[in-house]
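Undergrad: protein.cif is reproduced in full below (mmCIF, C-alpha atoms and all ligand atoms).
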```
data_data
#
loop_
_atom_site.label_atom_id
_atom_site.label_comp_id
_atom_site.auth_asym_id
_atom_site.auth_seq_id
_atom_site.Cartn_x
_atom_site.Cartn_y
_atom_site.Cartn_z
CA MET A 1 -48.12 -180.60 -20.81
CA LEU A 2 -49.52 -177.30 -22.03
CA VAL A 3 -48.82 -174.32 -19.80
CA ALA A 4 -50.54 -170.97 -20.26
CA ILE A 5 -48.37 -168.24 -18.75
CA PRO A 6 -50.26 -165.04 -17.88
CA GLU A 7 -48.75 -161.58 -18.34
CA VAL A 8 -45.29 -162.37 -19.64
CA LEU A 9 -45.76 -158.82 -20.87
CA SER A 10 -48.26 -156.40 -19.30
CA PRO A 11 -51.17 -155.47 -21.59
CA GLN A 12 -49.53 -152.08 -22.12
CA ALA A 13 -46.08 -153.51 -22.91
CA ALA A 14 -47.67 -156.00 -25.34
CA ALA A 15 -49.58 -153.20 -27.10
CA GLU A 16 -46.44 -151.04 -27.34
CA LEU A 17 -44.36 -153.88 -28.71
CA ARG A 18 -47.03 -154.73 -31.29
CA GLU A 19 -47.21 -151.09 -32.40
CA GLN A 20 -43.43 -150.88 -32.68
CA ILE A 21 -43.19 -153.87 -34.99
CA ALA A 22 -46.46 -153.47 -36.92
CA ALA A 23 -44.96 -150.82 -39.19
CA GLU A 24 -41.83 -152.85 -40.03
CA ASP A 25 -41.21 -154.93 -43.17
CA TRP A 26 -43.01 -158.28 -43.04
CA ILE A 27 -41.59 -160.97 -45.30
CA ASP A 28 -43.03 -164.31 -46.46
CA GLY A 29 -43.35 -166.55 -43.39
CA ASN A 30 -41.87 -169.49 -45.27
CA ALA A 31 -38.40 -167.98 -44.78
CA THR A 32 -38.08 -170.10 -41.60
CA SER A 33 -40.15 -173.15 -42.55
CA GLY A 34 -39.03 -176.69 -42.87
CA ALA A 35 -39.93 -178.33 -46.19
CA GLY A 36 -43.00 -180.05 -44.72
CA ALA A 37 -44.48 -176.93 -43.14
CA ALA A 38 -44.02 -174.65 -46.16
CA SER A 39 -46.93 -176.15 -48.07
CA VAL A 40 -49.45 -175.39 -45.29
CA LYS A 41 -48.08 -172.07 -44.02
CA ARG A 42 -49.50 -168.78 -45.09
CA ASN A 43 -48.43 -165.76 -43.03
CA ARG A 44 -45.84 -162.96 -42.79
CA GLN A 45 -42.81 -162.68 -40.51
CA LEU A 46 -40.43 -159.96 -39.39
CA ALA A 47 -37.04 -160.41 -41.08
CA GLU A 48 -34.72 -162.15 -38.60
CA ASN A 49 -31.82 -159.75 -39.14
CA ALA A 50 -33.79 -156.47 -38.96
CA GLN A 51 -32.91 -154.01 -36.17
CA ALA A 52 -36.53 -153.85 -35.05
CA THR A 53 -36.51 -157.65 -34.67
CA HIS A 54 -33.40 -157.51 -32.49
CA ARG A 55 -34.95 -154.85 -30.23
CA ALA A 56 -38.19 -156.83 -29.89
CA GLN A 57 -36.24 -160.05 -29.26
CA ALA A 58 -34.28 -158.42 -26.44
CA GLN A 59 -37.49 -157.20 -24.79
CA VAL A 60 -39.23 -160.60 -24.99
CA SER A 61 -36.12 -162.52 -23.86
CA ALA A 62 -35.70 -160.28 -20.80
CA ALA A 63 -39.38 -160.72 -19.87
CA LEU A 64 -39.10 -164.52 -20.19
CA MET A 65 -35.99 -164.74 -18.01
CA ASP A 66 -37.86 -162.70 -15.39
CA ASN A 67 -40.93 -164.98 -15.40
CA SER A 68 -40.88 -167.66 -12.69
CA VAL A 69 -43.65 -169.77 -14.28
CA PHE A 70 -41.79 -169.87 -17.61
CA LEU A 71 -38.50 -170.82 -15.92
CA SER A 72 -40.16 -173.51 -13.79
CA ALA A 73 -42.18 -175.06 -16.65
CA ALA A 74 -39.53 -174.84 -19.38
CA LEU A 75 -36.25 -175.29 -17.47
CA PRO A 76 -34.62 -173.58 -20.47
CA HIS A 77 -31.18 -174.59 -21.65
CA SER A 78 -31.11 -172.58 -24.92
CA VAL A 79 -33.85 -170.35 -26.23
CA PHE A 80 -33.98 -169.73 -29.99
CA PRO A 81 -34.16 -165.96 -30.63
CA PRO A 82 -37.91 -165.16 -30.71
CA LEU A 83 -39.55 -164.53 -34.09
CA PHE A 84 -42.66 -162.52 -34.90
CA ASN A 85 -45.50 -163.39 -37.23
CA ARG A 86 -48.58 -161.72 -38.62
CA TYR A 87 -51.75 -163.36 -39.92
CA GLY A 88 -54.22 -161.26 -41.88
CA PRO A 89 -57.55 -162.34 -43.36
CA GLY A 90 -57.09 -165.58 -45.32
CA ASP A 91 -53.79 -166.43 -43.59
CA GLY A 92 -53.34 -169.55 -41.48
CA PHE A 93 -50.93 -172.37 -40.78
CA GLY A 94 -52.23 -175.91 -41.36
CA LEU A 95 -51.50 -178.95 -39.22
CA HIS A 96 -47.74 -179.57 -38.91
CA VAL A 97 -44.99 -180.53 -36.50
CA ASP A 98 -42.06 -178.20 -35.81
CA ASN A 99 -38.60 -179.27 -37.02
CA ALA A 100 -36.65 -181.25 -34.41
CA ILE A 101 -33.51 -179.14 -34.79
CA ARG A 102 -33.32 -175.39 -35.43
CA PHE A 103 -30.23 -173.72 -36.74
CA HIS A 104 -29.76 -169.98 -36.16
CA ALA A 105 -27.80 -168.64 -39.12
CA GLU A 106 -26.71 -165.38 -37.46
CA THR A 107 -25.15 -166.94 -34.35
CA GLY A 108 -24.45 -170.46 -35.61
CA ALA A 109 -26.41 -171.82 -32.63
CA ARG A 110 -28.16 -175.14 -33.04
CA ILE A 111 -30.88 -176.34 -30.66
CA ARG A 112 -33.09 -179.37 -30.24
CA THR A 113 -36.70 -178.14 -30.06
CA ASP A 114 -38.23 -179.59 -26.89
CA LEU A 115 -40.80 -176.86 -26.36
CA SER A 116 -42.58 -174.42 -28.63
CA CYS A 117 -43.99 -171.16 -27.33
CA THR A 118 -46.41 -168.57 -28.67
CA LEU A 119 -46.59 -165.18 -26.98
CA PHE A 120 -49.85 -163.55 -28.07
CA LEU A 121 -49.51 -159.83 -28.84
CA THR A 122 -53.02 -159.09 -30.15
CA ASP A 123 -56.14 -159.20 -28.01
CA PRO A 124 -58.63 -161.89 -29.09
CA ALA A 125 -61.34 -159.24 -29.58
CA GLU A 126 -59.31 -157.70 -32.42
CA TYR A 127 -59.37 -160.67 -34.80
CA GLU A 128 -61.54 -163.60 -35.75
CA GLY A 129 -60.21 -167.12 -36.27
CA GLY A 130 -56.47 -167.47 -35.68
CA GLU A 131 -56.82 -170.01 -32.85
CA LEU A 132 -53.77 -172.05 -31.94
CA GLU A 133 -54.87 -175.70 -31.92
CA ILE A 134 -52.64 -178.34 -30.39
CA GLU A 135 -53.19 -182.08 -30.51
CA GLY A 136 -52.58 -183.83 -27.21
CA GLN A 137 -53.32 -187.01 -25.34
CA PHE A 138 -56.94 -185.90 -24.78
CA GLY A 139 -57.71 -184.47 -28.20
CA MET A 140 -57.36 -181.01 -29.74
CA ALA A 141 -56.92 -178.07 -27.38
CA ARG A 142 -57.74 -174.62 -28.74
CA TYR A 143 -56.12 -171.42 -27.50
CA LYS A 144 -56.59 -167.73 -28.11
CA LEU A 145 -54.96 -165.95 -25.19
CA PRO A 146 -55.01 -162.28 -24.18
CA ALA A 147 -52.18 -160.03 -25.43
CA GLY A 148 -49.07 -160.53 -23.30
CA HIS A 149 -49.94 -164.13 -22.33
CA ALA A 150 -47.89 -167.09 -23.61
CA LEU A 151 -48.58 -170.74 -24.30
CA LEU A 152 -45.82 -173.30 -23.86
CA TYR A 153 -46.36 -176.72 -25.47
CA PRO A 154 -44.32 -179.79 -26.44
CA SER A 155 -42.71 -179.39 -29.87
CA THR A 156 -43.56 -183.04 -30.47
CA SER A 157 -47.26 -182.17 -30.90
CA LEU A 158 -49.09 -181.64 -34.16
CA HIS A 159 -50.53 -178.12 -34.17
CA GLN A 160 -52.05 -175.47 -36.40
CA VAL A 161 -53.24 -171.89 -36.54
CA THR A 162 -56.78 -171.76 -37.91
CA PRO A 163 -57.41 -169.24 -40.71
CA VAL A 164 -57.89 -165.62 -39.65
CA THR A 165 -61.17 -164.38 -41.09
CA ALA A 166 -61.09 -160.75 -39.90
CA GLY A 167 -58.55 -158.41 -38.29
CA THR A 168 -54.81 -159.05 -37.85
CA ARG A 169 -53.14 -161.42 -35.41
CA ILE A 170 -49.56 -160.52 -34.45
CA SER A 171 -47.65 -162.90 -32.20
CA CYS A 172 -44.18 -163.81 -31.08
CA PHE A 173 -43.07 -167.43 -31.28
CA PHE A 174 -39.95 -169.41 -30.50
CA TRP A 175 -38.56 -172.81 -29.62
CA LEU A 176 -36.33 -173.88 -26.82
CA GLN A 177 -34.13 -176.71 -25.73
CA SER A 178 -34.87 -177.69 -22.15
CA LEU A 179 -32.35 -178.83 -19.56
CA VAL A 180 -34.70 -181.83 -19.17
CA ALA A 181 -35.47 -183.44 -22.52
CA ASP A 182 -38.02 -185.93 -21.21
CA HIS A 183 -41.51 -184.39 -21.15
CA ALA A 184 -42.82 -186.61 -18.34
CA ALA A 185 -39.81 -185.86 -16.13
CA ARG A 186 -40.09 -182.12 -16.82
CA GLU A 187 -43.80 -182.17 -16.02
CA MET A 188 -43.19 -183.84 -12.64
CA LEU A 189 -40.49 -181.28 -11.84
CA TYR A 190 -42.92 -178.48 -12.67
CA ASP A 191 -45.64 -179.97 -10.44
CA LEU A 192 -43.18 -180.50 -7.62
CA ASP A 193 -41.75 -176.99 -7.91
CA GLN A 194 -45.21 -175.38 -7.91
CA THR A 195 -46.18 -177.43 -4.84
CA VAL A 196 -42.97 -176.52 -3.00
CA GLN A 197 -43.59 -172.83 -3.78
CA THR A 198 -47.11 -173.03 -2.33
CA LEU A 199 -46.00 -174.91 0.79
CA SER A 200 -43.08 -172.57 1.23
CA ALA A 201 -45.40 -169.53 1.14
CA GLU A 202 -47.58 -171.16 3.85
CA ARG A 203 -44.89 -172.57 6.13
CA GLY A 204 -41.74 -170.57 5.35
CA LYS A 205 -38.64 -171.65 3.43
CA SER A 206 -36.89 -173.08 6.50
CA ASP A 207 -39.72 -175.45 7.43
CA ALA A 208 -38.16 -178.92 7.69
CA GLN A 209 -40.57 -180.59 5.21
CA VAL A 210 -40.26 -177.72 2.73
CA LEU A 211 -36.48 -178.07 2.91
CA ARG A 212 -36.70 -181.80 2.33
CA LEU A 213 -38.98 -181.39 -0.71
CA THR A 214 -36.71 -178.62 -2.04
CA ALA A 215 -33.76 -181.01 -1.77
CA ILE A 216 -35.71 -183.70 -3.65
CA TYR A 217 -36.52 -181.19 -6.41
CA HIS A 218 -32.88 -180.21 -6.86
CA ASN A 219 -31.69 -183.80 -6.68
CA LEU A 220 -34.12 -184.82 -9.43
CA VAL A 221 -32.92 -181.89 -11.57
CA ARG A 222 -29.35 -183.12 -10.94
CA ARG A 223 -30.37 -186.58 -12.08
CA TRP A 224 -32.22 -185.52 -15.22
CA ALA A 225 -30.67 -182.26 -16.45
CA GLN A 226 -28.30 -182.17 -19.39
CA VAL A 227 -26.26 -178.97 -19.06
NI NI B 301 -45.36 -174.75 -35.59
#
```
Represent the structure from my file as C-alpha cells, please.
TA:
Amino acid sequence: MLVAIPEVLSPQAAAELREQIAAEDWIDGNATSGAGAASVKRNRQLAENAQATHRAQAQVSAALMDNSVFLSAALPHSVFPPLFNRYGPGDGFGLHVDNAIRFHAETGARIRTDLSCTLFLTDPAEYEGGELEIEGQFGMARYKLPAGHALLYPSTSLHQVTPVTAGTRISCFFWLQSLVADHAAREMLYDLDQTVQTLSAERGKSDAQVLRLTAIYHNLVRRWAQV
C-alpha cells in the first residue's frame, strides 16, 4: 500500500526548513548506503551528526507524530531519525531495495525497515526529473509530490529516483518499524480506521455500531501488534 500524506508540513514550514538546511554541509550520499545501493546512488546528504540535522529531525519528527494519517497508516513502533538528501542535475538513485535492518550509530538503535517514507521539501515546479518510482503489484507508480507532502511505501518494494535534469530536489527520508509487520494486516487496519473515522464523524463516537467497529479495530491491533 502506498499512502500519500498531504501537508505533513505546511508549504511555508517546508520552505523554511529547506532554506535552513540548504546552506549546510552536504556529504556524499553513500555514507548511509548498503553495499548494493552504493553502486546506483548519486546524491548528497546532510551529515547525520550535524546540529542542523538534529534540529531538522526534531521538527519533522514532531510533525509526523501530530499527523493522524501517518499514525493510522504506519502504526509506528520505532522511527529511524529522518535524513535529508539533495539531488542536483545529473544526480539520481537507480533501482534498489532498502536494507532490511538499519542501525543508528549515534543511539545504538536497530530497527527492521517495514516502511520507507519520503517527505518532499521542494516544489515539483522547481526541478525536472527526480521522480520517485516504486514498483508494486500493478506496475511502476511515479510520484513527485508538493513540498510538505509525504509518501509512505513498503520497504520491500524496488524503487528509484529518476535523474534530476534541472534544478535541485531536497527531500527528507526515513524508515520505520511498524507495530504490525504484515503489510496486508496493516493495510486492513488502515482501511478500517479510516472508515470508522468517517462513520464516527457522521454518527458520533457513541453510536452503537461505531463503538462496535472501534472495538474490532482495537482487538485486531491487539492480535497483530508486536510492542
Ligand atoms: Ni531507497
Undergrad: Tell me which of A:Ala74, A:Ala13, A:Ala38, A:Ala58 sits closest to Asp191 (chain A), counting only C-alpha atoms.
TA: A:Ala74
Undergrad: Can you write out as CSV which residues of chain A fall within 12 Å of ligand NI 301 (chain B), alongside each residue's closest atom pair and its distance in Å to one decimal, counting only C-alpha atoms and all ligand atoms and ordering rows by chain and ascending residue number?
TA:
```
residue,atom,partner,partner_atom,distance
A:Gly29,CA,B:NI301,NI,11.5
A:Asn30,CA,B:NI301,NI,11.6
A:Thr32,CA,B:NI301,NI,10.5
A:Ser33,CA,B:NI301,NI,8.8
A:Gly34,CA,B:NI301,NI,9.8
A:Gly36,CA,B:NI301,NI,10.8
A:Ala37,CA,B:NI301,NI,7.9
A:Ala38,CA,B:NI301,NI,10.7
A:Val40,CA,B:NI301,NI,10.5
A:Lys41,CA,B:NI301,NI,9.3
A:Arg42,CA,B:NI301,NI,12.0
A:Leu83,CA,B:NI301,NI,11.9
A:Asn85,CA,B:NI301,NI,11.5
A:Gly92,CA,B:NI301,NI,11.2
A:Phe93,CA,B:NI301,NI,8.0
A:Gly94,CA,B:NI301,NI,9.0
A:Leu95,CA,B:NI301,NI,8.3
A:His96,CA,B:NI301,NI,6.3
A:Val97,CA,B:NI301,NI,5.9
A:Asp98,CA,B:NI301,NI,4.8
A:Asn99,CA,B:NI301,NI,8.3
A:Ala100,CA,B:NI301,NI,10.9
A:Thr113,CA,B:NI301,NI,10.8
A:Leu115,CA,B:NI301,NI,10.5
A:Ser116,CA,B:NI301,NI,7.5
A:Cys117,CA,B:NI301,NI,9.1
A:Thr118,CA,B:NI301,NI,9.3
A:Leu132,CA,B:NI301,NI,9.6
A:Glu133,CA,B:NI301,NI,10.2
A:Ile134,CA,B:NI301,NI,9.6
A:Glu135,CA,B:NI301,NI,11.9
A:Leu152,CA,B:NI301,NI,11.8
A:Tyr153,CA,B:NI301,NI,10.4
A:Pro154,CA,B:NI301,NI,10.5
A:Ser155,CA,B:NI301,NI,7.8
A:Thr156,CA,B:NI301,NI,9.9
A:Ser157,CA,B:NI301,NI,9.0
A:Leu158,CA,B:NI301,NI,8.0
A:His159,CA,B:NI301,NI,6.3
A:Gln160,CA,B:NI301,NI,6.8
A:Val161,CA,B:NI301,NI,8.4
A:Cys172,CA,B:NI301,NI,11.9
A:Phe173,CA,B:NI301,NI,8.8
A:Phe174,CA,B:NI301,NI,9.1
A:Trp175,CA,B:NI301,NI,9.3
```
Undergrad: One decimal, Å: what's the distance from CA of Val79 (chain A) over to CA of Gln177 (chain A), could you say?
TA: 6.4 Å
Undergrad: I'd like to know which of A:Gly204, A:Pro82, A:Gly148, A:Gly167 is closest to Glu16 (chain A), using all atoms listed in the file.
TA: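 Between A:Gly204, A:Pro82, A:Gly148, A:Gly167, the residue approaching Glu16 (chain A) most closely is A:Gly148.
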Undergrad: Ranking A:Gln209, A:Gln197, A:Ser171, A:Asn43 by minimum distance to Ser72 (chain A) and counting all atoms listed in the file, which one comes first?
TA: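 Selected residue with least distance to Ser72 (chain A): A:Gln197.
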Undergrad: Residues at most 9 Å from Ala52 (chain A), counting all atoms listed in the file, excluding those fewer than 4 positions away in the same chain, as a list in words?
TA: Gln20, Ile21, Glu24, Leu46, Ala47, Ala56 and Gln57 of chain A
Undergrad: Find the distance between CA of Arg110 (chain A) and CA of Ala14 (chain A) and write it in Å to one decimal.
TA: 28.4 Å
